[in-house]
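First the structure, in the form of structure tokens, and then the observations on it.
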Number of protein chains: 2
Amino acid sequence: MGDQIINPSMASSTEENYLKALFNLSNSLGEVNLSELAHGLQVSLPTANSMVKSLQKSGWVNYEKYKPLILTPEGQKEAALIIRKHRLTEMFLVKKMGFGWEEVHEIAEQVEHIHAPKFFQRMDEMLGFPTIDPHGSPIPDNQGRIQEFSYVPLSSCKPGQTVQLTALTNSSTEFLEFLNSRKLALGTQLKVLSREAYDLSLVVSYQNHPQETLSEKVSERLLVRVLD
Amino acid sequence: MGDQIINPSMASSTEENYLKALFNLSNSLGEVNLSELAHGLQVSLPTANSMVKSLQKSGWVNYEKYKPLILTPEGQKEAALIIRKHRLTEMFLVKKMGFGWEEVHEIAEQVEHIHAPKFFQRMDEMLGFPTIDPHGSPIPDNQGRIQEFSYVPLSSCKPGQTVQLTALTNSSTEFLEFLNSRKLALGTQLKVLSREAYDLSLVVSYQNHPQETLSEKVSERLLVRVLD
DNA sequence: CAAATTTGTTAGACCGATCTAACTTATTAC
DNA sequence: GTAATAAGTTAGATCGGTCTAACAAATTTG
């Protein structure tokens, strides 16, 4: 009594995680193969193999032996809607509940599997229909459509350029805590002072930080909009 | 990556539902047997039987063949903490997200299984550490202790008494919608005008309702505090 | 109290999600 | 272009949570 209605055409939490992983990997790697998926989900190859077959049976994925994995349009939409719930939740946790951007991923990872359209609709309303999450990633709309932005990694910027930090390609707690420690937040304007040819680190200045060195690893994870 | 850490001593969602059901049934029926549990959870007897054995192995339940089910102190606490999450969530949904009291049960039923202490702690803070949920049921504290209130069912009140509606023993959507339709909310003061001997229905007055008849079924589900 | 009914148990099956072991196909390197 | 390596497959097992069928114990009822 009172439990959610289970619709047979609905993905289980596990299936949702596969779809989401596939979606994210496709966006960052282009083609995705089984072992990348298995690695991303921390499961064995045979597990991923059998799950992919079952996702295919459900019409979310197209798969031919030894070929790359492809989400069907339905799979794409399904994945985008899960990511929508994840990102809306993250935004809600930050803006309405006072969490730090480094704390919200783990919680959202669980909340995203809740089946309650009104719940997420209400978050959306309360947040004023946001288009990006606390890490600058776009929030798909309720049809699963994603507005693509064309940001560039800070690592590709030239000395002399002024840029604004707009998104991240990695949102691990550790990375976010590093950014916190340097007072780097979305919206921060940075000026690229120089690039060290040896290790490709960048020296930048911003706000009360006249000189800060960012390693290549860091600067390639920072997405920026070029201002000048 | 980013998924919740699974602690072996942690109950699965299914186990949590069994503990919760057992807790609630014990509180309303006293002794609980297997078939009541099975019926309450909408599972077959053998399913409940095998699950109870496994809950016993985990130390949440004591069970001897053909005997009533008993929650161990650990099981009691575990159950109370799940109910705490459920009721805090209901309160949050009503007070902070604008849901009606008849809409929140289904959502809370899912949110209660989230493992994220900070999330519920934050709700608790934002709500000012409430002690009752939107239906007047007590919210266990973070040690799983429950403050018991001694309310009486409206059905036991005598004509002439003035009472205040303080809680419900049933919070089904249908019942809550019935109460909404009669503008009966927690806190409403009612005066018992008369009791119909034939069907035990009560005639009451309150606010802009000089005369309203409540069936026995309704009045025994309304818990009140006697004011005079 | 014996018969009927309710309640509980056991056995055996299924399904989703996972694993390891053994094997095969594809890709890469020399 | 073969050998080595990486990627993928198949088979078979396990575990949690569920079921039905068949049987046994306890309780209720005439």
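Numbering starts fresh at 1 for the residues of each chain in the structure tokens, the chains themselves are lettered A, B, ... in the order given, and ligands are numbered from 1 as they appear.
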Please tabulate, as CSV, the residues of chain A that come within 10 Å of chain C, each with its closest pair of atoms and the distance in Å to one decimal, counting only C-alpha atoms (C1' of nucleotides) and ordering rows by chain, then residue number upward.
residue,atom,partner,partner_atom,distance
A:Ser12,CA,C:DG16,C1',9.7
A:Thr14,CA,C:DA17,C1',8.4
A:Val43,CA,C:DT18,C1',8.2
A:Ser44,CA,C:DC19,C1',7.7
A:Pro46,CA,C:DC19,C1',8.7
A:Thr47,CA,C:DT18,C1',6.5
A:Ala48,CA,C:DT18,C1',9.7
A:Ser50,CA,C:DA17,C1',9.4
A:Met51,CA,C:DA17,C1',8.4
A:Lys65,CA,C:DT25,C1',9.9
A:Tyr66,CA,C:DA26,C1',8.1
Quick one: write out the picked residues with N, CA and C atoms as a PDB file, in the first residue's frame?
ATOM      1  N   SER A  12      14.390  -0.357 -14.377  1.00  0.00           N
ATOM      2  CA  SER A  12      14.787  -0.530 -12.983  1.00  0.00           C
ATOM      3  C   SER A  12      15.916   0.454 -12.688  1.00  0.00           C
ATOM      4  N   THR A  14      18.806  -0.212 -11.803  1.00  0.00           N
ATOM      5  CA  THR A  14      20.011  -0.726 -12.455  1.00  0.00           C
ATOM      6  C   THR A  14      20.017  -0.352 -13.930  1.00  0.00           C
ATOM      7  N   VAL A  43      31.314  -3.028 -13.118  1.00  0.00           N
ATOM      8  CA  VAL A  43      30.818  -4.398 -13.163  1.00  0.00           C
ATOM      9  C   VAL A  43      31.688  -5.187 -14.132  1.00  0.00           C
ATOM     10  N   SER A  44      31.550  -6.507 -14.081  1.00  0.00           N
ATOM     11  CA  SER A  44      32.360  -7.337 -14.960  1.00  0.00           C
ATOM     12  C   SER A  44      31.820  -7.261 -16.387  1.00  0.00           C
ATOM     13  N   PRO A  46      30.977  -9.743 -18.465  1.00  0.00           N
ATOM     14  CA  PRO A  46      29.791 -10.561 -18.728  1.00  0.00           C
ATOM     15  C   PRO A  46      28.514  -9.938 -18.177  1.00  0.00           C
ATOM     16  N   THR A  47      28.649  -9.273 -17.041  1.00  0.00           N
ATOM     17  CA  THR A  47      27.474  -8.609 -16.462  1.00  0.00           C
ATOM     18  C   THR A  47      26.967  -7.524 -17.414  1.00  0.00           C
ATOM     19  N   ALA A  48      27.896  -6.680 -17.868  1.00  0.00           N
ATOM     20  CA  ALA A  48      27.511  -5.614 -18.784  1.00  0.00           C
ATOM     21  C   ALA A  48      26.944  -6.212 -20.069  1.00  0.00           C
ATOM     22  N   SER A  50      25.358  -9.061 -20.558  1.00  0.00           N
ATOM     23  CA  SER A  50      24.002  -9.590 -20.454  1.00  0.00           C
ATOM     24  C   SER A  50      22.992  -8.463 -20.228  1.00  0.00           C
ATOM     25  N   MET A  51      23.407  -7.446 -19.515  1.00  0.00           N
ATOM     26  CA  MET A  51      22.498  -6.320 -19.273  1.00  0.00           C
ATOM     27  C   MET A  51      22.227  -5.577 -20.574  1.00  0.00           C
ATOM     28  N   LYS A  65      27.054  -7.873 -31.841  1.00  0.00           N
ATOM     29  CA  LYS A  65      28.279  -8.503 -31.335  1.00  0.00           C
ATOM     30  C   LYS A  65      29.542  -7.772 -31.795  1.00  0.00           C
ATOM     31  N   TYR A  66      30.381  -7.479 -30.852  1.00  0.00           N
ATOM     32  CA  TYR A  66      31.696  -6.892 -31.122  1.00  0.00           C
ATOM     33  C   TYR A  66      31.647  -5.465 -31.683  1.00  0.00           C
TER      34      TYR A  66
END
### Message
List as a list of chain:residue names the protein and nucleic acid residues near segment 184-191 of chain B, meaning an atom at most 7 Å away when only C-alpha atoms (C1' of nucleotides) are counted, but skip any in the same chain fewer than 6 places from it.
### Response
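Everything that qualifies: B:Gly160, B:Gln161, B:Thr162, B:Val163, B:Gln164, B:Leu165, B:Thr166, B:Ala167, B:Val204, B:Ser205, B:Tyr206.
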Could those residues be written to a file, using all heavy atoms, as a PDB file, in the first residue's frame?
ATOM      1  N   GLY B 160     -21.452  17.216  23.754  1.00  0.00           N
ATOM      2  CA  GLY B 160     -21.152  18.309  24.666  1.00  0.00           C
ATOM      3  C   GLY B 160     -19.670  18.591  24.765  1.00  0.00           C
ATOM      4  O   GLY B 160     -19.270  19.712  25.065  1.00  0.00           O
ATOM      5  N   GLN B 161     -18.843  17.598  24.482  1.00  0.00           N
ATOM      6  CA  GLN B 161     -17.393  17.810  24.604  1.00  0.00           C
ATOM      7  C   GLN B 161     -16.853  18.657  23.460  1.00  0.00           C
ATOM      8  O   GLN B 161     -17.343  18.579  22.325  1.00  0.00           O
ATOM      9  CB  GLN B 161     -16.659  16.470  24.606  1.00  0.00           C
ATOM     10  CG  GLN B 161     -16.799  15.701  25.916  1.00  0.00           C
ATOM     11  CD  GLN B 161     -15.869  14.499  25.970  1.00  0.00           C
ATOM     12  OE1 GLN B 161     -15.830  13.703  25.042  1.00  0.00           O
ATOM     13  NE2 GLN B 161     -15.127  14.381  27.066  1.00  0.00           N
ATOM     14  N   THR B 162     -15.861  19.470  23.795  1.00  0.00           N
ATOM     15  CA  THR B 162     -15.142  20.216  22.766  1.00  0.00           C
ATOM     16  C   THR B 162     -13.752  19.604  22.651  1.00  0.00           C
ATOM     17  O   THR B 162     -13.102  19.332  23.656  1.00  0.00           O
ATOM     18  CB  THR B 162     -15.037  21.705  23.139  1.00  0.00           C
ATOM     19  OG1 THR B 162     -16.346  22.217  23.294  1.00  0.00           O
ATOM     20  CG2 THR B 162     -14.308  22.482  22.063  1.00  0.00           C
ATOM     21  N   VAL B 163     -13.351  19.368  21.442  1.00  0.00           N
ATOM     22  CA  VAL B 163     -12.075  18.686  21.236  1.00  0.00           C
ATOM     23  C   VAL B 163     -11.308  19.362  20.105  1.00  0.00           C
ATOM     24  O   VAL B 163     -11.870  20.142  19.336  1.00  0.00           O
ATOM     25  CB  VAL B 163     -12.287  17.205  20.869  1.00  0.00           C
ATOM     26  CG1 VAL B 163     -13.059  16.470  21.947  1.00  0.00           C
ATOM     27  CG2 VAL B 163     -12.980  17.067  19.518  1.00  0.00           C
ATOM     28  N   GLN B 164     -10.012  19.029  20.037  1.00  0.00           N
ATOM     29  CA  GLN B 164      -9.194  19.550  18.946  1.00  0.00           C
ATOM     30  C   GLN B 164      -8.646  18.377  18.155  1.00  0.00           C
ATOM     31  O   GLN B 164      -8.079  17.442  18.734  1.00  0.00           O
ATOM     32  CB  GLN B 164      -8.043  20.378  19.511  1.00  0.00           C
ATOM     33  CG  GLN B 164      -7.193  21.010  18.417  1.00  0.00           C
ATOM     34  CD  GLN B 164      -6.144  21.934  18.983  1.00  0.00           C
ATOM     35  OE1 GLN B 164      -5.596  21.656  20.059  1.00  0.00           O
ATOM     36  NE2 GLN B 164      -5.857  23.017  18.286  1.00  0.00           N
ATOM     37  N   LEU B 165      -8.794  18.436  16.846  1.00  0.00           N
ATOM     38  CA  LEU B 165      -8.291  17.369  15.982  1.00  0.00           C
ATOM     39  C   LEU B 165      -6.759  17.418  15.978  1.00  0.00           C
ATOM     40  O   LEU B 165      -6.173  18.453  15.643  1.00  0.00           O
ATOM     41  CB  LEU B 165      -8.828  17.557  14.559  1.00  0.00           C
ATOM     42  CG  LEU B 165      -8.424  16.509  13.522  1.00  0.00           C
ATOM     43  CD1 LEU B 165      -8.753  15.102  13.996  1.00  0.00           C
ATOM     44  CD2 LEU B 165      -9.123  16.800  12.196  1.00  0.00           C
ATOM     45  N   THR B 166      -6.124  16.309  16.402  1.00  0.00           N
ATOM     46  CA  THR B 166      -4.662  16.347  16.541  1.00  0.00           C
ATOM     47  C   THR B 166      -3.920  15.323  15.707  1.00  0.00           C
ATOM     48  O   THR B 166      -2.732  15.487  15.461  1.00  0.00           O
ATOM     49  CB  THR B 166      -4.258  16.114  18.013  1.00  0.00           C
ATOM     50  OG1 THR B 166      -4.998  15.005  18.498  1.00  0.00           O
ATOM     51  CG2 THR B 166      -4.576  17.318  18.871  1.00  0.00           C
ATOM     52  N   ALA B 167      -4.578  14.247  15.300  1.00  0.00           N
ATOM     53  CA  ALA B 167      -3.884  13.249  14.492  1.00  0.00           C
ATOM     54  C   ALA B 167      -4.887  12.314  13.840  1.00  0.00           C
ATOM     55  O   ALA B 167      -6.094  12.372  14.123  1.00  0.00           O
ATOM     56  CB  ALA B 167      -2.896  12.452  15.343  1.00  0.00           C
ATOM     57  N   VAL B 204     -21.278  16.922  14.537  1.00  0.00           N
ATOM     58  CA  VAL B 204     -20.328  17.861  15.152  1.00  0.00           C
ATOM     59  C   VAL B 204     -20.487  19.231  14.517  1.00  0.00           C
ATOM     60  O   VAL B 204     -21.081  19.372  13.434  1.00  0.00           O
ATOM     61  CB  VAL B 204     -18.873  17.394  14.954  1.00  0.00           C
ATOM     62  CG1 VAL B 204     -18.648  16.037  15.606  1.00  0.00           C
ATOM     63  CG2 VAL B 204     -18.504  17.356  13.481  1.00  0.00           C
ATOM     64  N   SER B 205     -19.955  20.243  15.203  1.00  0.00           N
ATOM     65  CA  SER B 205     -19.890  21.581  14.590  1.00  0.00           C
ATOM     66  C   SER B 205     -18.476  22.117  14.727  1.00  0.00           C
ATOM     67  O   SER B 205     -17.758  21.761  15.664  1.00  0.00           O
ATOM     68  CB  SER B 205     -20.867  22.529  15.277  1.00  0.00           C
ATOM     69  OG  SER B 205     -20.431  22.803  16.587  1.00  0.00           O
ATOM     70  N   TYR B 206     -18.088  22.939  13.779  1.00  0.00           N
ATOM     71  CA  TYR B 206     -16.756  23.566  13.807  1.00  0.00           C
ATOM     72  C   TYR B 206     -16.748  24.692  12.788  1.00  0.00           C
ATOM     73  O   TYR B 206     -17.486  24.668  11.808  1.00  0.00           O
ATOM     74  CB  TYR B 206     -15.661  22.555  13.503  1.00  0.00           C
ATOM     75  CG  TYR B 206     -15.807  21.810  12.183  1.00  0.00           C
ATOM     76  CD1 TYR B 206     -15.147  22.249  11.038  1.00  0.00           C
ATOM     77  CD2 TYR B 206     -16.613  20.671  12.093  1.00  0.00           C
ATOM     78  CE1 TYR B 206     -15.275  21.585   9.834  1.00  0.00           C
ATOM     79  CE2 TYR B 206     -16.754  19.997  10.887  1.00  0.00           C
ATOM     80  CZ  TYR B 206     -16.095  20.449   9.761  1.00  0.00           C
ATOM     81  OH  TYR B 206     -16.233  19.796   8.558  1.00  0.00           O
TER      82      TYR B 206
END
Considering only strand (DSSP E or B) as DSSP defines it on the backbone, what residues of segment 60-142 of chain A qualify? List them as a CSV table (one decimal) with all heavy atoms, in the first residue's frame.
chain,number,residue,atom,x,y,z
A,61,VAL,N,18.6,0.2,-26.4
A,61,VAL,CA,20.0,0.1,-26.9
A,61,VAL,C,20.0,-0.7,-28.2
A,61,VAL,O,19.3,-1.7,-28.3
A,61,VAL,CB,20.9,-0.5,-25.9
A,61,VAL,CG1,22.3,-0.8,-26.5
A,61,VAL,CG2,21.1,0.4,-24.7
A,62,ASN,N,20.8,-0.3,-29.1
A,62,ASN,CA,21.1,-1.2,-30.3
A,62,ASN,C,22.5,-1.8,-30.1
A,62,ASN,O,23.4,-1.1,-29.8
A,62,ASN,CB,21.0,-0.4,-31.6
A,62,ASN,CG,19.6,-0.2,-32.0
A,62,ASN,OD1,18.8,-1.1,-31.8
A,62,ASN,ND2,19.3,0.9,-32.7
A,69,LEU,N,28.4,0.3,-28.7
A,69,LEU,CA,27.0,0.4,-28.2
A,69,LEU,C,26.3,1.7,-28.7
A,69,LEU,O,27.0,2.7,-28.8
A,69,LEU,CB,27.1,0.4,-26.7
A,69,LEU,CG,27.7,-0.8,-26.0
A,69,LEU,CD1,28.1,-0.4,-24.6
A,69,LEU,CD2,26.8,-2.0,-26.1
A,70,ILE,N,25.1,1.6,-29.0
A,70,ILE,CA,24.3,2.8,-29.5
A,70,ILE,C,23.0,2.8,-28.7
A,70,ILE,O,22.2,1.9,-28.7
A,70,ILE,CB,24.1,2.7,-31.0
A,70,ILE,CG1,25.4,2.7,-31.7
A,70,ILE,CG2,23.2,3.9,-31.5
A,70,ILE,CD1,25.3,2.3,-33.2
A,71,LEU,N,22.7,4.0,-28.1
A,71,LEU,CA,21.4,4.3,-27.5
A,71,LEU,C,20.4,4.5,-28.6
A,71,LEU,O,20.7,5.3,-29.5
A,71,LEU,CB,21.5,5.5,-26.6
A,71,LEU,CG,22.1,5.3,-25.2
A,71,LEU,CD1,22.1,6.7,-24.5
A,71,LEU,CD2,21.2,4.4,-24.4
A,132,ILE,N,21.0,25.1,-16.1
A,132,ILE,CA,22.3,24.4,-15.8
A,132,ILE,C,22.3,24.0,-14.3
A,132,ILE,O,21.5,24.5,-13.5
A,132,ILE,CB,23.5,25.3,-16.0
A,132,ILE,CG1,23.4,26.6,-15.2
A,132,ILE,CG2,23.7,25.5,-17.5
A,132,ILE,CD1,24.7,27.3,-15.1
A,138,PRO,N,24.3,21.3,-18.4
A,138,PRO,CA,23.0,21.6,-18.8
A,138,PRO,C,21.9,20.6,-18.3
A,138,PRO,O,22.2,19.4,-18.1
A,138,PRO,CB,23.0,21.5,-20.4
A,138,PRO,CG,24.1,20.6,-20.7
A,138,PRO,CD,25.1,20.8,-19.6
Please produce, as JSON lines, a per-residue contact table for chain D versus chain A (criterion: any atom at most 8 Å away, only C-alpha atoms (C1' of nucleotides) considered), showing the nearest atom pair and its distance in Å to one decimal, sorted by chain then residue number.
{"residue": "D:DA7", "atom": "C1'", "partner": "A:Ser35", "partner_atom": "CA", "distance": 7.0}
{"residue": "D:DG8", "atom": "C1'", "partner": "A:Tyr66", "partner_atom": "CA", "distance": 6.3}
{"residue": "D:DT9", "atom": "C1'", "partner": "A:Pro46", "partner_atom": "CA", "distance": 7.8}
re atom CA of His39 of chain B and atom CA of Leu25 of chain B: distance 10.8 Å
*asked:* Quick check: residues of chain B within 9 Å of chain A, only C-alpha atoms, returned as a ChimeraX atom specification.
replied: /B:1-4,40-42,93,97-99,105-107,109-111,114-116,119,122-123,126,172
DSSP alpha helix (DSSP H) residues within segment 68-188 of chain B, as a short mmCIF file (atom, residue, chain, number, x, y, z; two decimals) with N, CA, C and O atoms, in the first residue's frame:
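Dumped to part.cif:
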data_model
loop_
_atom_site.label_atom_id
_atom_site.label_comp_id
_atom_site.auth_asym_id
_atom_site.auth_seq_id
_atom_site.Cartn_x
_atom_site.Cartn_y
_atom_site.Cartn_z
N PRO B 73 15.21 -5.08 19.87
CA PRO B 73 15.45 -3.64 20.09
C PRO B 73 16.14 -3.00 18.89
O PRO B 73 15.79 -1.88 18.49
N GLU B 74 17.09 -3.72 18.28
CA GLU B 74 17.78 -3.18 17.09
C GLU B 74 16.78 -3.00 15.94
O GLU B 74 16.84 -2.01 15.22
N GLY B 75 15.90 -3.99 15.80
CA GLY B 75 14.89 -3.90 14.74
C GLY B 75 13.94 -2.73 14.97
O GLY B 75 13.58 -2.02 14.05
N GLN B 76 13.56 -2.53 16.22
CA GLN B 76 12.70 -1.41 16.61
C GLN B 76 13.35 -0.09 16.22
O GLN B 76 12.72 0.78 15.62
N LYS B 77 14.63 0.02 16.58
CA LYS B 77 15.33 1.28 16.31
C LYS B 77 15.44 1.50 14.80
O LYS B 77 15.18 2.60 14.30
N GLU B 78 15.84 0.44 14.10
CA GLU B 78 15.97 0.53 12.65
C GLU B 78 14.66 0.99 12.02
O GLU B 78 14.63 1.90 11.20
N ALA B 79 13.58 0.34 12.44
CA ALA B 79 12.27 0.68 11.89
C ALA B 79 11.91 2.13 12.21
O ALA B 79 11.44 2.87 11.34
N ALA B 80 12.17 2.54 13.45
CA ALA B 80 11.82 3.90 13.86
C ALA B 80 12.61 4.92 13.04
O ALA B 80 12.08 5.98 12.68
N LEU B 81 13.84 4.58 12.71
CA LEU B 81 14.66 5.53 11.94
C LEU B 81 14.18 5.64 10.49
O LEU B 81 14.30 6.70 9.88
N ILE B 82 13.63 4.55 9.97
CA ILE B 82 13.05 4.62 8.62
C ILE B 82 11.78 5.46 8.66
O ILE B 82 11.55 6.32 7.81
N ILE B 83 10.98 5.22 9.69
CA ILE B 83 9.75 6.00 9.84
C ILE B 83 10.08 7.47 10.07
O ILE B 83 9.39 8.36 9.56
N ARG B 84 11.18 7.71 10.78
CA ARG B 84 11.63 9.10 10.94
C ARG B 84 11.88 9.75 9.58
O ARG B 84 11.43 10.87 9.32
N LYS B 85 12.59 9.05 8.72
CA LYS B 85 12.88 9.61 7.40
C LYS B 85 11.60 9.85 6.61
O LYS B 85 11.45 10.87 5.94
N HIS B 86 10.69 8.89 6.72
CA HIS B 86 9.40 9.03 6.03
C HIS B 86 8.65 10.28 6.49
O HIS B 86 8.21 11.09 5.69
N ARG B 87 8.55 10.42 7.79
CA ARG B 87 7.73 11.52 8.33
C ARG B 87 8.39 12.87 8.17
O ARG B 87 7.71 13.88 7.92
N LEU B 88 9.72 12.90 8.30
CA LEU B 88 10.42 14.17 8.04
C LEU B 88 10.19 14.58 6.59
O LEU B 88 9.95 15.75 6.29
N THR B 89 10.27 13.60 5.70
CA THR B 89 10.07 13.89 4.28
C THR B 89 8.66 14.43 4.03
O THR B 89 8.49 15.43 3.32
N GLU B 90 7.68 13.79 4.65
CA GLU B 90 6.30 14.27 4.46
C GLU B 90 6.17 15.71 4.93
O GLU B 90 5.55 16.54 4.26
N MET B 91 6.77 16.00 6.06
CA MET B 91 6.69 17.35 6.61
C MET B 91 7.40 18.33 5.68
O MET B 91 6.88 19.43 5.43
N PHE B 92 8.53 17.93 5.16
CA PHE B 92 9.28 18.78 4.24
C PHE B 92 8.47 19.06 2.98
O PHE B 92 8.40 20.20 2.50
N LEU B 93 7.86 18.02 2.46
CA LEU B 93 7.07 18.17 1.23
C LEU B 93 5.91 19.14 1.42
O LEU B 93 5.60 19.95 0.56
N VAL B 94 5.29 19.04 2.61
CA VAL B 94 4.15 19.92 2.88
C VAL B 94 4.61 21.34 3.20
O VAL B 94 4.14 22.31 2.59
N LYS B 95 5.56 21.45 4.13
CA LYS B 95 5.91 22.79 4.62
C LYS B 95 6.87 23.56 3.71
O LYS B 95 6.84 24.78 3.68
N VAL B 104 1.62 13.40 -0.16
CA VAL B 104 3.02 13.19 0.22
C VAL B 104 3.41 11.75 0.55
O VAL B 104 4.59 11.40 0.48
N HIS B 105 2.43 10.92 0.86
CA HIS B 105 2.78 9.57 1.29
C HIS B 105 3.56 8.79 0.23
O HIS B 105 4.61 8.20 0.51
N GLU B 106 3.06 8.79 -1.00
CA GLU B 106 3.69 8.03 -2.08
C GLU B 106 5.13 8.47 -2.30
O GLU B 106 6.02 7.65 -2.52
N ILE B 107 5.35 9.78 -2.28
CA ILE B 107 6.71 10.28 -2.51
C ILE B 107 7.61 9.88 -1.34
O ILE B 107 8.72 9.37 -1.53
N ALA B 108 7.11 10.08 -0.12
CA ALA B 108 7.92 9.76 1.07
C ALA B 108 8.27 8.28 1.13
O ALA B 108 9.33 7.89 1.62
N GLU B 109 7.37 7.47 0.61
CA GLU B 109 7.58 6.02 0.58
C GLU B 109 8.86 5.66 -0.19
O GLU B 109 9.48 4.64 0.08
N GLN B 110 9.22 6.50 -1.14
CA GLN B 110 10.43 6.26 -1.90
C GLN B 110 11.63 6.97 -1.26
O GLN B 110 12.72 6.41 -1.17
N VAL B 111 11.39 8.20 -0.83
CA VAL B 111 12.50 8.99 -0.28
C VAL B 111 13.04 8.36 1.01
O VAL B 111 14.23 8.46 1.30
N PRO B 117 22.41 10.68 5.60
CA PRO B 117 22.05 11.33 6.86
C PRO B 117 21.96 12.84 6.76
O PRO B 117 21.02 13.44 7.29
N LYS B 118 22.92 13.47 6.06
CA LYS B 118 22.92 14.94 5.98
C LYS B 118 21.64 15.47 5.36
O LYS B 118 21.20 16.57 5.68
N PHE B 119 21.12 14.70 4.42
CA PHE B 119 19.92 15.14 3.69
C PHE B 119 18.75 15.29 4.66
O PHE B 119 18.06 16.31 4.69
N PHE B 120 18.58 14.28 5.49
CA PHE B 120 17.45 14.31 6.42
C PHE B 120 17.71 15.25 7.59
O PHE B 120 16.80 15.89 8.11
N GLN B 121 18.98 15.35 7.96
CA GLN B 121 19.38 16.28 9.01
C GLN B 121 19.03 17.71 8.60
O GLN B 121 18.52 18.50 9.38
N ARG B 122 19.30 17.99 7.32
CA ARG B 122 19.04 19.33 6.80
C ARG B 122 17.55 19.62 6.74
O ARG B 122 17.11 20.73 7.05
N MET B 123 16.77 18.61 6.36
CA MET B 123 15.31 18.78 6.38
C MET B 123 14.87 19.12 7.79
O MET B 123 14.08 20.05 8.00
N ASP B 124 15.38 18.33 8.72
CA ASP B 124 15.02 18.48 10.13
C ASP B 124 15.29 19.92 10.59
O ASP B 124 14.42 20.58 11.17
N GLU B 125 16.50 20.41 10.28
CA GLU B 125 16.88 21.79 10.64
C GLU B 125 15.94 22.80 10.00
O GLU B 125 15.44 23.71 10.66
N MET B 126 15.73 22.64 8.68
CA MET B 126 14.90 23.61 7.96
C MET B 126 13.47 23.64 8.50
O MET B 126 12.79 24.66 8.43
N THR B 173 -4.93 8.46 0.85
CA THR B 173 -5.27 9.61 0.00
C THR B 173 -6.78 9.88 0.04
O THR B 173 -7.20 11.02 0.19
N GLU B 174 -7.56 8.80 -0.03
CA GLU B 174 -9.01 8.96 -0.09
C GLU B 174 -9.54 9.61 1.18
O GLU B 174 -10.38 10.52 1.14
N PHE B 175 -9.04 9.14 2.32
CA PHE B 175 -9.50 9.70 3.60
C PHE B 175 -9.08 11.17 3.70
O PHE B 175 -9.88 12.03 4.09
N LEU B 176 -7.85 11.46 3.33
CA LEU B 176 -7.36 12.84 3.41
C LEU B 176 -8.14 13.76 2.48
O LEU B 176 -8.44 14.91 2.82
N GLU B 177 -8.53 13.23 1.33
CA GLU B 177 -9.33 14.04 0.40
C GLU B 177 -10.74 14.26 0.96
O GLU B 177 -11.32 15.34 0.78
N PHE B 178 -11.25 13.25 1.66
CA PHE B 178 -12.55 13.43 2.32
C PHE B 178 -12.45 14.55 3.35
O PHE B 178 -13.29 15.45 3.40
N LEU B 179 -11.39 14.50 4.16
CA LEU B 179 -11.22 15.54 5.19
C LEU B 179 -11.07 16.91 4.55
O LEU B 179 -11.66 17.90 5.01
N ASN B 180 -10.30 16.98 3.45
CA ASN B 180 -10.16 18.25 2.73
C ASN B 180 -11.54 18.77 2.32
O ASN B 180 -11.84 19.96 2.48
N SER B 181 -12.37 17.86 1.82
CA SER B 181 -13.68 18.29 1.31
C SER B 181 -14.56 18.85 2.41
O SER B 181 -15.44 19.66 2.17
#
The distance between atom CA of Leu202 of chain B and atom CA of Ser155 of chain B is 7.5 Å
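Counting only C-alpha atoms (C1' of nucleotides), Glu15 of chain A has the following residues at most 9 Å away, ignoring those fewer than 4 positions along the same chain: Ala11, Leu19, Lys20, Met51 and Leu55 of chain A.
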Kindly save the residues from that selection, with all heavy atoms included, as a compact mmCIF listing (two decimals), in the first residue's frame.
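New file out-v2.txt:
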# COMPACT_ATOMS: atom_id res chain seq x y z
N ALA A 11 12.21 1.47 -16.54
CA ALA A 11 13.54 0.92 -16.27
C ALA A 11 13.73 0.73 -14.77
O ALA A 11 13.29 1.55 -13.97
CB ALA A 11 14.60 1.86 -16.82
N LEU A 19 21.78 3.13 -18.62
CA LEU A 19 21.43 4.13 -19.63
C LEU A 19 22.19 5.43 -19.40
O LEU A 19 22.74 6.03 -20.33
CB LEU A 19 19.92 4.39 -19.61
CG LEU A 19 19.03 3.24 -20.07
CD1 LEU A 19 17.57 3.60 -19.89
CD2 LEU A 19 19.32 2.87 -21.53
N LYS A 20 22.24 5.82 -18.16
CA LYS A 20 22.92 7.06 -17.80
C LYS A 20 24.41 6.98 -18.13
O LYS A 20 24.99 7.88 -18.74
CB LYS A 20 22.73 7.30 -16.30
CG LYS A 20 22.92 8.70 -15.85
CD LYS A 20 22.66 8.84 -14.35
CE LYS A 20 23.27 7.75 -13.52
NZ LYS A 20 23.77 8.18 -12.20
N MET A 51 23.41 -7.45 -19.52
CA MET A 51 22.50 -6.32 -19.27
C MET A 51 22.23 -5.58 -20.57
O MET A 51 21.09 -5.16 -20.84
CB MET A 51 23.14 -5.39 -18.25
CG MET A 51 22.15 -4.43 -17.63
SD MET A 51 20.89 -5.29 -16.68
CE MET A 51 19.56 -4.10 -16.74
N LEU A 55 18.76 -4.66 -22.28
CA LEU A 55 18.37 -3.28 -22.64
C LEU A 55 17.96 -3.22 -24.11
O LEU A 55 17.09 -2.45 -24.50
CB LEU A 55 19.53 -2.31 -22.39
CG LEU A 55 19.84 -2.04 -20.92
CD1 LEU A 55 21.13 -1.25 -20.79
CD2 LEU A 55 18.70 -1.28 -20.25
